[in-house]
Amino acid sequence: MSWQRKHGRQHLPWQGTQNPYRIWLSEIMLQQTQVATVIGYYQRFLERFPDIQALAQASQDEVMPYWAGLGYYARARNLHRCAQAICQDWGGKFPSCSQDIATLPGIGRSTAAAIAAFCFRERSPIMDGNVKRVFTRYFGIEGVTSERSTEQRLWHTAEAVLDAAPHNLDMTAYTQGLMDLGSQCCTRSRPACTSCPVQNTCYAHMHGRQHELPTPKKKKASPERQCRMLIARHADHILLEQQASPGIWGGLWSLPKYDSDEDLQTACYRWGSREASAQKMAGMIHVFTHFRLHIEPWYVINNTPQLAEPDPAQRWVAIDDLRNAALPAPVRKILEGLFPASFAPVDNG
DNA sequence: AAGTCGTGGGC
DNA sequence: TGCCCAAGACT
């Protein structure tokens, strides 16, 4: 606790508040996502949806643009569902114990404990990547941390530590301190043990095993996938297609994509001018957690006077509105390369 | 238990 | 460059 107050992080946008809405939003955004990446998204989201009622009253399509680019879009869909559940089933007030919080969509045990600790001072342990690293090293806990037996030992250890802690424990400083320790001292590579407040009693430090803990997980080869994306332009509009959920980019608006050249051909004929041929653009590889996607963008311009009726999940979007659309990161990159002026920050000078 | 689900930073 | 992994949850 004292180390956290002196050396830990104090001024992150979600610190210094016990507002459950703000804490909850930060915890969801921070799942598998680095702090520096989250900050901008967090502030933009709060400006647009200042409280849980504003979020619950919005449609999912209004929410997704504020999550686009952050990844793991089920988080945004669950966030929206959760806001509605709290407004309908909990009178618009966040439940105040972690067991109740963990029943809400998108909130597991660790996130529930974090919310309960920061907002309601509940003495429940969290178990995120930082804490796993600190605990496996400090207590010498072997085994891949994602395996259930290891995970159970970690939770039991975290509970035992809290049980043995003094009753005046400051749960905010304690919880934040464990994460700060993990992110500032007990880092994955080259941990800064000399500045660690508990180095003298740390198993890994005493045995020189920092680099062996946590036990590395053996990786699996990620398969290669490929697709063609169609950039169909009609005057100042581009055809976008909403992605199904669950699924990759579920809820986002992507370019229509095709698995085969034949399907692409058919689409070009339908969405482009009959006589104009599509133009192949520079390809790119987008890396996901569990596969690599080779994207082949094709550009076709429709010169016919009539705007073709899009399919149910499709929309013609004005090029100047693309910046506000819920685009997947690589799709944004492609369209930004094609229409840089439409994505450029507003110049007020 | 193993897959699914994004994107970007750090080394 | 390739690889690991981040304030994980859900199926």
# chains A, B, ... in the order shown; residues from 1 in each chain; ligands from 1
>>> residues_around(residues="A:Arg225", least_positions_apart="6", cutoff="8 Å", atoms="only C-alpha atoms (C1' of nucleotides)", output="VMD selection string")
chain A and resid 291 to 294
>>> write_last_selection(atoms="N, CA and C atoms", output="compact mmCIF listing (two decimals), in the first residue's frame")
# COMPACT_ATOMS: atom_id res chain seq x y z
N PHE A 291 -5.06 -16.24 -36.11
CA PHE A 291 -4.79 -16.47 -37.53
C PHE A 291 -4.29 -15.19 -38.18
N ARG A 292 -3.76 -15.35 -39.39
CA ARG A 292 -3.28 -14.21 -40.16
C ARG A 292 -4.15 -14.08 -41.40
N LEU A 293 -4.64 -12.87 -41.64
CA LEU A 293 -5.55 -12.65 -42.75
C LEU A 293 -4.87 -11.86 -43.86
N HIS A 294 -4.79 -12.48 -45.04
CA HIS A 294 -4.27 -11.77 -46.21
C HIS A 294 -5.43 -11.07 -46.90
>>> select_by_dssp(residues="stretch 42-219 of chain A", states="alpha helix (DSSP H)", output="PyMOL selection string")
chain A and resi 42-48+52-57+60-63+74-89+98-101+109-120+129-139+148-164+171-180+203-207
>>> interface_residues(of="chain B", to="chain A", cutoff="8 Å", atoms="only C-alpha atoms (C1' of nucleotides)", output="list in words")
DC5, DG6, DT7 and DG8 of chain B
>>> write_last_selection(atoms="C-alpha atoms (C1' of nucleotides)", output="CSV table (one decimal), in the first residue's frame")
chain,number,residue,atom,x,y,z
B,5,DC,C1',-12.3,-12.9,-30.0
B,6,DG,C1',-8.4,-7.5,-32.2
B,7,DT,C1',-5.0,-4.5,-32.0
B,8,DG,C1',-0.7,-2.6,-30.9
>>> interface_residues(of="chain C", to="chain A", cutoff="8 Å", atoms="only C-alpha atoms (C1' of nucleotides)", output="MDAnalysis selection string")
chainID C and resid 6:9
>>> atom_distance(atom1="atom CA of A:Thr304", atom2="atom CA of A:Gln265")
18.0 Å
>>> residues_around(residues="stretch 58-65 of chain A", least_positions_apart="2", cutoff="8 Å", atoms="only C-alpha atoms (C1' of nucleotides)", output="list of chain:residue names")
A:Ala54, A:Leu55, A:Ala56, A:Trp67, A:Ala68, A:Ala76, A:Arg77, A:His80, A:Gly251, A:Leu252, A:Asn324, A:Ala325, A:Ala326, A:Leu327
>>> closest_residue(among="A:Asn200, A:Gln18, A:Thr172, A:Ser245", to="B:DT4", atoms="only C-alpha atoms (C1' of nucleotides)")
A:Ser245
>>> residues_around(residues="A:Met1", least_positions_apart="6", cutoff="7 Å", atoms="only C-alpha atoms (C1' of nucleotides)", output="ChimeraX atom specification")
/A:173-174,177
>>> write_last_selection(atoms="all heavy atoms", output="mmCIF file, in the first residue's frame")
data_model
loop_
_atom_site.group_PDB
_atom_site.id
_atom_site.type_symbol
_atom_site.label_atom_id
_atom_site.label_comp_id
_atom_site.auth_asym_id
_atom_site.auth_seq_id
_atom_site.Cartn_x
_atom_site.Cartn_y
_atom_site.Cartn_z
ATOM 1 N N ALA A 173 -5.519 0.950 -2.758
ATOM 2 C CA ALA A 173 -4.059 0.989 -2.864
ATOM 3 C C ALA A 173 -3.487 -0.415 -3.020
ATOM 4 O O ALA A 173 -2.509 -0.621 -3.747
ATOM 5 C CB ALA A 173 -3.464 1.687 -1.647
ATOM 6 N N TYR A 174 -4.092 -1.381 -2.334
ATOM 7 C CA TYR A 174 -3.596 -2.760 -2.438
ATOM 8 C C TYR A 174 -3.797 -3.319 -3.848
ATOM 9 O O TYR A 174 -2.863 -3.835 -4.470
ATOM 10 C CB TYR A 174 -4.308 -3.652 -1.423
ATOM 11 C CG TYR A 174 -3.972 -5.116 -1.573
ATOM 12 C CD1 TYR A 174 -2.746 -5.614 -1.148
ATOM 13 C CD2 TYR A 174 -4.882 -6.000 -2.168
ATOM 14 C CE1 TYR A 174 -2.431 -6.954 -1.303
ATOM 15 C CE2 TYR A 174 -4.571 -7.337 -2.321
ATOM 16 C CZ TYR A 174 -3.349 -7.823 -1.891
ATOM 17 O OH TYR A 174 -3.031 -9.133 -2.048
ATOM 18 N N GLY A 177 -1.843 -1.391 -6.302
ATOM 19 C CA GLY A 177 -0.425 -1.641 -6.064
ATOM 20 C C GLY A 177 0.049 -2.934 -6.707
ATOM 21 O O GLY A 177 1.156 -2.986 -7.264
#
>>> residues_around(residues="A:Arg233", least_positions_apart="5", cutoff="8 Å", atoms="only C-alpha atoms (C1' of nucleotides)", output="VMD selection string")
chain A and resid 238 to 239 272 299 to 302
>>> write_last_selection(atoms="all heavy atoms", output="mmCIF file, in the first residue's frame")
data_model
loop_
_atom_site.group_PDB
_atom_site.id
_atom_site.type_symbol
_atom_site.label_atom_id
_atom_site.label_comp_id
_atom_site.auth_asym_id
_atom_site.auth_seq_id
_atom_site.Cartn_x
_atom_site.Cartn_y
_atom_site.Cartn_z
ATOM 1 N N ILE A 238 -19.511 4.767 -50.407
ATOM 2 C CA ILE A 238 -18.817 3.472 -50.393
ATOM 3 C C ILE A 238 -19.758 2.449 -49.769
ATOM 4 O O ILE A 238 -20.458 2.739 -48.794
ATOM 5 C CB ILE A 238 -17.524 3.546 -49.559
ATOM 6 C CG1 ILE A 238 -16.542 4.543 -50.173
ATOM 7 C CG2 ILE A 238 -16.883 2.178 -49.415
ATOM 8 C CD1 ILE A 238 -15.963 4.125 -51.501
ATOM 9 N N LEU A 239 -19.738 1.245 -50.320
ATOM 10 C CA LEU A 239 -20.597 0.182 -49.796
ATOM 11 C C LEU A 239 -19.939 -0.512 -48.604
ATOM 12 O O LEU A 239 -18.825 -1.022 -48.721
ATOM 13 C CB LEU A 239 -20.882 -0.845 -50.904
ATOM 14 C CG LEU A 239 -21.894 -1.940 -50.563
ATOM 15 C CD1 LEU A 239 -23.289 -1.347 -50.375
ATOM 16 C CD2 LEU A 239 -21.923 -3.010 -51.649
ATOM 17 N N GLY A 272 -20.423 -2.587 -59.406
ATOM 18 C CA GLY A 272 -19.709 -1.649 -60.254
ATOM 19 C C GLY A 272 -20.470 -1.409 -61.535
ATOM 20 O O GLY A 272 -21.548 -1.951 -61.763
ATOM 21 N N TYR A 299 -10.866 -2.154 -56.072
ATOM 22 C CA TYR A 299 -11.575 -0.876 -56.162
ATOM 23 C C TYR A 299 -12.375 -0.840 -57.460
ATOM 24 O O TYR A 299 -11.823 -1.035 -58.540
ATOM 25 C CB TYR A 299 -10.555 0.260 -56.142
ATOM 26 C CG TYR A 299 -11.115 1.660 -56.024
ATOM 27 C CD1 TYR A 299 -12.282 1.920 -55.316
ATOM 28 C CD2 TYR A 299 -10.438 2.735 -56.606
ATOM 29 C CE1 TYR A 299 -12.760 3.207 -55.198
ATOM 30 C CE2 TYR A 299 -10.916 4.036 -56.495
ATOM 31 C CZ TYR A 299 -12.077 4.261 -55.785
ATOM 32 O OH TYR A 299 -12.554 5.542 -55.659
ATOM 33 N N VAL A 300 -13.671 -0.604 -57.343
ATOM 34 C CA VAL A 300 -14.486 -0.512 -58.555
ATOM 35 C C VAL A 300 -15.413 0.709 -58.430
ATOM 36 O O VAL A 300 -15.975 0.978 -57.367
ATOM 37 C CB VAL A 300 -15.302 -1.800 -58.796
ATOM 38 C CG1 VAL A 300 -16.333 -2.017 -57.716
ATOM 39 C CG2 VAL A 300 -15.951 -1.774 -60.169
ATOM 40 N N ILE A 301 -15.512 1.452 -59.508
ATOM 41 C CA ILE A 301 -16.335 2.667 -59.515
ATOM 42 C C ILE A 301 -17.579 2.456 -60.362
ATOM 43 O O ILE A 301 -17.494 1.969 -61.489
ATOM 44 C CB ILE A 301 -15.545 3.875 -60.040
ATOM 45 C CG1 ILE A 301 -14.353 4.159 -59.108
ATOM 46 C CG2 ILE A 301 -16.429 5.106 -60.139
ATOM 47 C CD1 ILE A 301 -13.535 5.356 -59.504
ATOM 48 N N ASN A 302 -18.696 2.815 -59.767
ATOM 49 C CA ASN A 302 -19.974 2.668 -60.458
ATOM 50 C C ASN A 302 -20.370 4.026 -61.048
ATOM 51 O O ASN A 302 -20.552 4.988 -60.321
ATOM 52 C CB ASN A 302 -21.030 2.182 -59.460
ATOM 53 C CG ASN A 302 -22.324 1.797 -60.159
ATOM 54 O OD1 ASN A 302 -22.721 2.431 -61.132
ATOM 55 N ND2 ASN A 302 -22.963 0.765 -59.653
#
>>> select_by_dssp(residues="stretch 173-238 of chain A", states="strand (DSSP E)", output="ChimeraX atom specification")
/A:224-234,237-238
>>> write_last_selection(atoms="all heavy atoms", output="mmCIF file, in the first residue's frame")
data_model
loop_
_atom_site.group_PDB
_atom_site.id
_atom_site.type_symbol
_atom_site.label_atom_id
_atom_site.label_comp_id
_atom_site.auth_asym_id
_atom_site.auth_seq_id
_atom_site.Cartn_x
_atom_site.Cartn_y
_atom_site.Cartn_z
ATOM 1 N N GLU A 224 -3.166 -19.432 -41.932
ATOM 2 C CA GLU A 224 -3.275 -18.291 -42.851
ATOM 3 C C GLU A 224 -4.649 -18.328 -43.501
ATOM 4 O O GLU A 224 -5.108 -19.367 -43.945
ATOM 5 C CB GLU A 224 -2.198 -18.384 -43.935
ATOM 6 C CG GLU A 224 -0.800 -18.646 -43.405
ATOM 7 C CD GLU A 224 -0.091 -17.360 -43.018
ATOM 8 O OE1 GLU A 224 -0.537 -16.289 -43.469
ATOM 9 O OE2 GLU A 224 0.889 -17.442 -42.240
ATOM 10 N N ARG A 225 -5.298 -17.176 -43.531
ATOM 11 C CA ARG A 225 -6.554 -17.064 -44.271
ATOM 12 C C ARG A 225 -6.421 -15.915 -45.263
ATOM 13 O O ARG A 225 -5.584 -15.032 -45.087
ATOM 14 C CB ARG A 225 -7.723 -16.792 -43.329
ATOM 15 C CG ARG A 225 -7.992 -17.899 -42.308
ATOM 16 C CD ARG A 225 -9.260 -17.603 -41.529
ATOM 17 N NE ARG A 225 -9.324 -18.388 -40.290
ATOM 18 C CZ ARG A 225 -10.249 -18.216 -39.348
ATOM 19 N NH1 ARG A 225 -11.176 -17.271 -39.499
ATOM 20 N NH2 ARG A 225 -10.258 -18.942 -38.248
ATOM 21 N N GLN A 226 -7.254 -15.937 -46.265
ATOM 22 C CA GLN A 226 -7.203 -14.837 -47.221
ATOM 23 C C GLN A 226 -8.611 -14.447 -47.651
ATOM 24 O O GLN A 226 -9.547 -15.245 -47.595
ATOM 25 C CB GLN A 226 -6.377 -15.232 -48.444
ATOM 26 C CG GLN A 226 -6.905 -16.471 -49.138
ATOM 27 C CD GLN A 226 -6.389 -16.561 -50.565
ATOM 28 O OE1 GLN A 226 -5.980 -15.563 -51.141
ATOM 29 N NE2 GLN A 226 -6.441 -17.766 -51.123
ATOM 30 N N CYS A 227 -8.768 -13.213 -48.030
ATOM 31 C CA CYS A 227 -10.049 -12.747 -48.536
ATOM 32 C C CYS A 227 -9.838 -11.576 -49.498
ATOM 33 O O CYS A 227 -8.770 -10.951 -49.498
ATOM 34 C CB CYS A 227 -10.965 -12.322 -47.391
ATOM 35 S SG CYS A 227 -10.513 -10.746 -46.655
ATOM 36 N N ARG A 228 -10.827 -11.340 -50.323
ATOM 37 C CA ARG A 228 -10.844 -10.166 -51.184
ATOM 38 C C ARG A 228 -11.845 -9.190 -50.607
ATOM 39 O O ARG A 228 -12.928 -9.611 -50.204
ATOM 40 C CB ARG A 228 -11.259 -10.557 -52.607
ATOM 41 C CG ARG A 228 -10.314 -11.516 -53.289
ATOM 42 C CD ARG A 228 -11.071 -12.712 -53.831
ATOM 43 N NE ARG A 228 -10.160 -13.787 -54.249
ATOM 44 C CZ ARG A 228 -9.705 -14.724 -53.401
ATOM 45 N NH1 ARG A 228 -10.096 -14.737 -52.141
ATOM 46 N NH2 ARG A 228 -8.871 -15.646 -53.820
ATOM 47 N N MET A 229 -11.491 -7.932 -50.534
ATOM 48 C CA MET A 229 -12.427 -6.908 -50.063
ATOM 49 C C MET A 229 -12.760 -5.988 -51.228
ATOM 50 O O MET A 229 -11.872 -5.566 -51.968
ATOM 51 C CB MET A 229 -11.823 -6.115 -48.910
ATOM 52 C CG MET A 229 -11.776 -6.875 -47.607
ATOM 53 S SD MET A 229 -11.346 -5.816 -46.225
ATOM 54 C CE MET A 229 -11.416 -7.004 -44.877
ATOM 55 N N LEU A 230 -14.037 -5.677 -51.329
ATOM 56 C CA LEU A 230 -14.494 -4.839 -52.433
ATOM 57 C C LEU A 230 -14.739 -3.411 -51.959
ATOM 58 O O LEU A 230 -15.502 -3.177 -51.026
ATOM 59 C CB LEU A 230 -15.776 -5.414 -53.030
ATOM 60 C CG LEU A 230 -16.362 -4.604 -54.194
ATOM 61 C CD1 LEU A 230 -15.384 -4.560 -55.358
ATOM 62 C CD2 LEU A 230 -17.700 -5.177 -54.628
ATOM 63 N N ILE A 231 -14.059 -2.486 -52.600
ATOM 64 C CA ILE A 231 -14.325 -1.070 -52.358
ATOM 65 C C ILE A 231 -15.191 -0.603 -53.518
ATOM 66 O O ILE A 231 -14.683 -0.249 -54.583
ATOM 67 C CB ILE A 231 -13.026 -0.258 -52.288
ATOM 68 C CG1 ILE A 231 -12.074 -0.889 -51.278
ATOM 69 C CG2 ILE A 231 -13.318 1.203 -51.946
ATOM 70 C CD1 ILE A 231 -10.628 -0.561 -51.521
ATOM 71 N N ALA A 232 -16.492 -0.677 -53.326
ATOM 72 C CA ALA A 232 -17.434 -0.270 -54.375
ATOM 73 C C ALA A 232 -17.811 1.186 -54.150
ATOM 74 O O ALA A 232 -18.366 1.540 -53.111
ATOM 75 C CB ALA A 232 -18.664 -1.164 -54.354
ATOM 76 N N ARG A 233 -17.509 2.013 -55.142
ATOM 77 C CA ARG A 233 -17.774 3.445 -55.007
ATOM 78 C C ARG A 233 -18.869 3.868 -55.981
ATOM 79 O O ARG A 233 -18.837 3.525 -57.156
ATOM 80 C CB ARG A 233 -16.518 4.255 -55.295
ATOM 81 C CG ARG A 233 -16.755 5.751 -55.239
ATOM 82 C CD ARG A 233 -15.476 6.516 -55.408
ATOM 83 N NE ARG A 233 -15.705 7.950 -55.207
ATOM 84 C CZ ARG A 233 -14.747 8.857 -55.219
ATOM 85 N NH1 ARG A 233 -13.499 8.488 -55.433
ATOM 86 N NH2 ARG A 233 -15.031 10.135 -55.030
ATOM 87 N N HIS A 234 -19.835 4.603 -55.451
ATOM 88 C CA HIS A 234 -20.857 5.185 -56.302
ATOM 89 C C HIS A 234 -20.936 6.664 -55.945
ATOM 90 O O HIS A 234 -21.357 7.007 -54.841
ATOM 91 C CB HIS A 234 -22.206 4.503 -56.088
ATOM 92 C CG HIS A 234 -23.218 4.844 -57.125
ATOM 93 N ND1 HIS A 234 -23.983 3.902 -57.769
ATOM 94 C CD2 HIS A 234 -23.562 6.037 -57.671
ATOM 95 C CE1 HIS A 234 -24.766 4.498 -58.638
ATOM 96 N NE2 HIS A 234 -24.533 5.807 -58.599
ATOM 97 N N HIS A 237 -20.108 7.752 -52.362
ATOM 98 C CA HIS A 237 -20.488 6.751 -51.377
ATOM 99 C C HIS A 237 -19.681 5.467 -51.545
ATOM 100 O O HIS A 237 -19.254 5.139 -52.640
ATOM 101 C CB HIS A 237 -21.988 6.427 -51.483
ATOM 102 C CG HIS A 237 -22.866 7.502 -50.929
ATOM 103 N ND1 HIS A 237 -23.035 8.720 -51.550
ATOM 104 C CD2 HIS A 237 -23.623 7.545 -49.808
ATOM 105 C CE1 HIS A 237 -23.867 9.466 -50.833
ATOM 106 N NE2 HIS A 237 -24.239 8.776 -49.770
ATOM 107 N N ILE A 238 -19.511 4.767 -50.407
ATOM 108 C CA ILE A 238 -18.817 3.472 -50.393
ATOM 109 C C ILE A 238 -19.758 2.449 -49.769
ATOM 110 O O ILE A 238 -20.458 2.739 -48.794
ATOM 111 C CB ILE A 238 -17.524 3.546 -49.559
ATOM 112 C CG1 ILE A 238 -16.542 4.543 -50.173
ATOM 113 C CG2 ILE A 238 -16.883 2.178 -49.415
ATOM 114 C CD1 ILE A 238 -15.963 4.125 -51.501
#
>>> closest_residue(among="A:Arg5, A:Pro223, A:Pro166, A:Tyr138", to="A:Gly208", atoms="only C-alpha atoms")
A:Tyr138
>>> residues_around(residues="A:Gly92", least_positions_apart="4", cutoff="10 Å", atoms="only C-alpha atoms (C1' of nucleotides)", output="list in words")
Ile52, Gln53, Ala56, Ala83, Gln84, Ala85, Ile86, Cys87 and Gln88 of chain A
>>> write_last_selection(atoms="N, CA, C and O atoms", output="short mmCIF file (atom, residue, chain, number, x, y, z; two decimals), in the first residue's frame")
data_model
loop_
_atom_site.label_atom_id
_atom_site.label_comp_id
_atom_site.auth_asym_id
_atom_site.auth_seq_id
_atom_site.Cartn_x
_atom_site.Cartn_y
_atom_site.Cartn_z
N ILE A 52 -24.50 5.75 -17.17
CA ILE A 52 -25.01 4.45 -17.60
C ILE A 52 -26.36 4.57 -18.30
O ILE A 52 -26.68 3.78 -19.18
N GLN A 53 -27.14 5.59 -17.93
CA GLN A 53 -28.42 5.79 -18.60
C GLN A 53 -28.21 6.17 -20.07
O GLN A 53 -28.90 5.67 -20.96
N ALA A 56 -27.31 3.06 -21.86
CA ALA A 56 -28.42 2.11 -21.99
C ALA A 56 -29.45 2.58 -23.02
O ALA A 56 -30.06 1.77 -23.71
N ALA A 83 -25.33 -2.43 -19.52
CA ALA A 83 -25.93 -1.14 -19.12
C ALA A 83 -27.45 -1.28 -19.09
O ALA A 83 -28.11 -0.78 -18.17
N GLN A 84 -28.00 -1.95 -20.08
CA GLN A 84 -29.45 -2.12 -20.13
C GLN A 84 -29.93 -3.03 -19.00
O GLN A 84 -30.97 -2.79 -18.40
N ALA A 85 -29.15 -4.06 -18.70
CA ALA A 85 -29.52 -4.96 -17.61
C ALA A 85 -29.52 -4.22 -16.27
O ALA A 85 -30.41 -4.41 -15.44
N ILE A 86 -28.53 -3.37 -16.06
CA ILE A 86 -28.45 -2.64 -14.79
C ILE A 86 -29.61 -1.66 -14.67
O ILE A 86 -30.19 -1.49 -13.59
N CYS A 87 -29.97 -1.03 -15.79
CA CYS A 87 -31.08 -0.07 -15.75
C CYS A 87 -32.42 -0.78 -15.56
O CYS A 87 -33.32 -0.24 -14.92
N GLN A 88 -32.53 -1.99 -16.11
CA GLN A 88 -33.81 -2.69 -16.03
C GLN A 88 -33.94 -3.53 -14.76
O GLN A 88 -35.01 -3.59 -14.16
#
